[in-house]
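Input: a single structure, listed below in C-alpha cells.
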Amino acid sequence: MRDYKTEGIIIRVRDYNEADRIITLFTADYGKVQAIARGCRKPKSRKRGIIQLFTYGEFALYRGRNLDTITQCEGKEAFSGLREDLDRMAFGAYLVELVDGFATSGEPHGDLFYLTLVCLHLLTVEDPELVTRAFEIRIMDLMGYRPHLESCVHCGRPIGGPRVAFSSRMGGSLCEICAGHHPDCQVCSLGSLNMLKQLASWDIKRLGVLKLTGETKREIGEIMKTYISCRLDKEIKSAEFLHSLAGTQNIC
Ligand SMILES: [Zn+2]
C-alpha cells in the first residue's frame, strides 16, 4: 500500500521550486515523515493555509522512495495564537525543532506526539517559558534521558543544603560535597532542582498553577540548555533566537 493516511503536526517547512513546499510531518505512528506538498503556494491552492509550520491536521500521502507526496490534507488546528505573537512563535519554533532533533523516522512516537500537541496548545495560553521548560524535561524523559534528581548522582546521598548542582555530563543532581569536585557542573538552588522534578511529573494541563520566580526559570533554563546540547549532537538554531528576544544569555 503506497497510499496512507495519518494525523500529523508540521514541524519544518521549506519552500521548493516555484509553488511547492517540502515539509517534515511529525506523526504518532510513523515518527517523522518527509513529504512534498505540490502547488501549495499557488494563490488558489486549498493546501495554502494548511501547509504551514505548527499545523496539526489529517494528511493523505503517497509513499515515494525518498519523499512522500501529500495528496490531500485537512487542518484541524492552525495554532494561530503562536503565529500572531512573536515571543510565543519563537518558543513554538524551538519546541518543534527539539522534536525534529530527537524524533526518528519510521518508528511510532505516540507519547511525544501527544506531548507536542498539548504543549503547542499551552504555548498559546500559558507562560511560554514555563511550558517550554516542562516540555524540555519531558522530551528528555521520553527519549530515555530522564535526569536522576532523587539523590546525588555521584555518591547517592540525599540532596540538601544551599549549594547544590546539576551535572549534564553525569545526568543528574549533585550534593554539596560532590559539586565541589565536579567543576563542569552547574551550581543552582535546591528549589530549582525540586521544581525540575515537579515539572517532570506535574499534570501538564495544570501547569498554570505552578508559580516560578524569574531566577528559578533562569536556572532551570540554563540546566536544560546544557543537558539537551549534551544529549543532542546538533545545534538548536531557534534557541539563539530566543536569547535575542529575551535579551539574556540563558533563557533556554
Ligand atoms: Zn554527592
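We name chains A, B, ... following the order of the C-alpha cells; residues begin at 1 in each chain, and ligands are numbered from 1 as shown.
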
**OP:** Find the residues near Met224 of chain A: any atom within 12 Å, counting only C-alpha atoms, skip ones fewer than 2 places away on the same chain, and give them as an MDAnalysis selection string.
**Re:** chainID A and resid 98 132:140 145:147 166:169 171:172 186 192:193 196 217:222 226:232 239 250:252

Restricted to C-alpha atoms, what would the selected residues look like written as a short mmCIF file (atom, residue, chain, number, x, y, z; two decimals), in the first residue's frame?
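Contents of part.cif, as written:
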data_model
loop_
_atom_site.label_atom_id
_atom_site.label_comp_id
_atom_site.auth_asym_id
_atom_site.auth_seq_id
_atom_site.Cartn_x
_atom_site.Cartn_y
_atom_site.Cartn_z
CA LEU A 98 13.56 19.86 19.56
CA THR A 132 8.95 25.20 27.30
CA ARG A 133 10.80 24.17 30.49
CA ALA A 134 8.16 21.47 31.14
CA PHE A 135 8.40 20.28 27.54
CA GLU A 136 12.20 20.06 27.71
CA ILE A 137 12.31 17.85 30.79
CA ARG A 138 9.53 15.63 29.41
CA ILE A 139 11.03 15.13 25.97
CA MET A 140 14.26 14.09 27.67
CA TYR A 145 17.33 10.69 29.20
CA ARG A 146 15.37 11.42 32.35
CA PRO A 147 17.89 13.03 34.69
CA PHE A 166 23.36 19.66 38.27
CA SER A 167 25.81 17.74 36.13
CA SER A 168 24.78 17.41 32.47
CA ARG A 169 27.65 15.03 31.83
CA GLY A 171 22.86 13.28 34.03
CA GLY A 172 21.60 14.36 37.43
CA GLN A 186 26.05 23.98 37.15
CA SER A 192 15.31 24.77 41.06
CA LEU A 193 16.13 21.06 41.31
CA LEU A 196 12.64 20.45 37.72
CA LYS A 217 13.12 29.73 35.46
CA ARG A 218 16.54 31.09 34.52
CA GLU A 219 18.41 28.34 36.40
CA ILE A 220 16.22 25.57 35.02
CA GLY A 221 16.61 27.08 31.54
CA GLU A 222 20.40 27.04 31.84
CA THR A 226 23.32 22.39 28.63
CA TYR A 227 21.74 19.00 29.27
CA ILE A 228 19.96 18.93 25.90
CA SER A 229 23.04 20.02 23.96
CA CYS A 230 24.98 17.22 25.70
CA ARG A 231 22.46 14.64 24.52
CA LEU A 232 21.67 16.02 21.07
CA ALA A 239 17.43 28.66 20.85
CA ASN A 250 20.40 31.99 29.29
CA ILE A 251 16.75 31.95 28.59
CA CYS A 252 16.76 28.43 27.25
#

Original post:
Using the chain letters and numbers from this document, which residues of segment 114-202 of chain A does DSSP assign to helix (DSSP H, G or I), as an MDAnalysis selection string?
Top reply: chainID A and resid 114:125 128:142 176:179 190:201

Original post:
Taking into account only C-alpha atoms and all ligand atoms, which residue in the set A:Glu77, A:Glu176, A:Glu215, A:Glu150 is nearest to ligand 1?
Top reply: A:Glu176

**OP:** Find the residues near ligand 1. Use a cut-off of 6 Å, count only C-alpha atoms and all ligand atoms, and write them as a PyMOL selection string.
**Re:** chain A and resi 152+154-157+174-175+177-178

Subject >> Length of the atom CA of Tyr16 of chain A to atom CA of Ser105 of chain A vector [Å] >> reply: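 Straight-line distance from atom CA of Tyr16 of chain A to atom CA of Ser105 of chain A works out to 21.4 Å.
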
Original post:
Skipping near chain neighbours, those fewer than 2 positions away, what residues fall within 6 Å of Thr55 of chain A using only C-alpha atoms, listed as number ranges by chain?
Top reply: A: 9-10, 52-53, 77-78

Now that the selection is made, can you save its residues with C-alpha atoms as a PDB file, in the first residue's frame?
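Result written to part14.pdb:
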ATOM      1  CA  ILE A   9       1.983  18.164  13.051  1.00  0.00           C
ATOM      2  CA  ILE A  10       4.087  20.150  10.589  1.00  0.00           C
ATOM      3  CA  GLN A  52       2.465  25.950   7.440  1.00  0.00           C
ATOM      4  CA  LEU A  53       4.636  25.460  10.488  1.00  0.00           C
ATOM      5  CA  GLU A  77      -5.669  23.294  14.401  1.00  0.00           C
ATOM      6  CA  ALA A  78      -3.505  26.064  12.967  1.00  0.00           C
TER       7      ALA A  78
END

Polymer residues at most 8 Å from segment 39-44 of chain A, only C-alpha atoms, same-chain spacing of 6 or more positions, as a PDB file with C-alpha atoms, in the first residue's frame:
ATOM      1  CA  GLU A  18       8.076  27.862  -7.619  1.00  0.00           C
ATOM      2  CA  ALA A  19       4.984  26.750  -5.800  1.00  0.00           C
ATOM      3  CA  ASP A  20       5.827  23.671  -3.699  1.00  0.00           C
ATOM      4  CA  ARG A  21       6.847  23.106  -0.119  1.00  0.00           C
ATOM      5  CA  ILE A  51       0.936  23.666   4.809  1.00  0.00           C
TER       6      ILE A  51
END

Original post:
Which of these residues is nearest to Lys197 of chain A, using only C-alpha atoms: A:Leu149, A:Ile11, A:Val164, A:Ile159?
Top reply: A:Leu149

**OP:** Compare A:Asp184, A:Glu107, A:Asp68, A:Glu129 by their minimum atom-to-atom distance to Gly208 of chain A, counting only C-alpha atoms, and give me the closest one.
**Re:** A:Glu129

**OP:** For each of A:Gly92, A:Thr71, A:Ser45, A:Glu58, take the minimum atom-to-atom distance to Leu122 of chain A, counting only C-alpha atoms, then give the residue where this is smallest.
**Re:**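 Of all the options, A:Gly92 lies closest to Leu122 of chain A.
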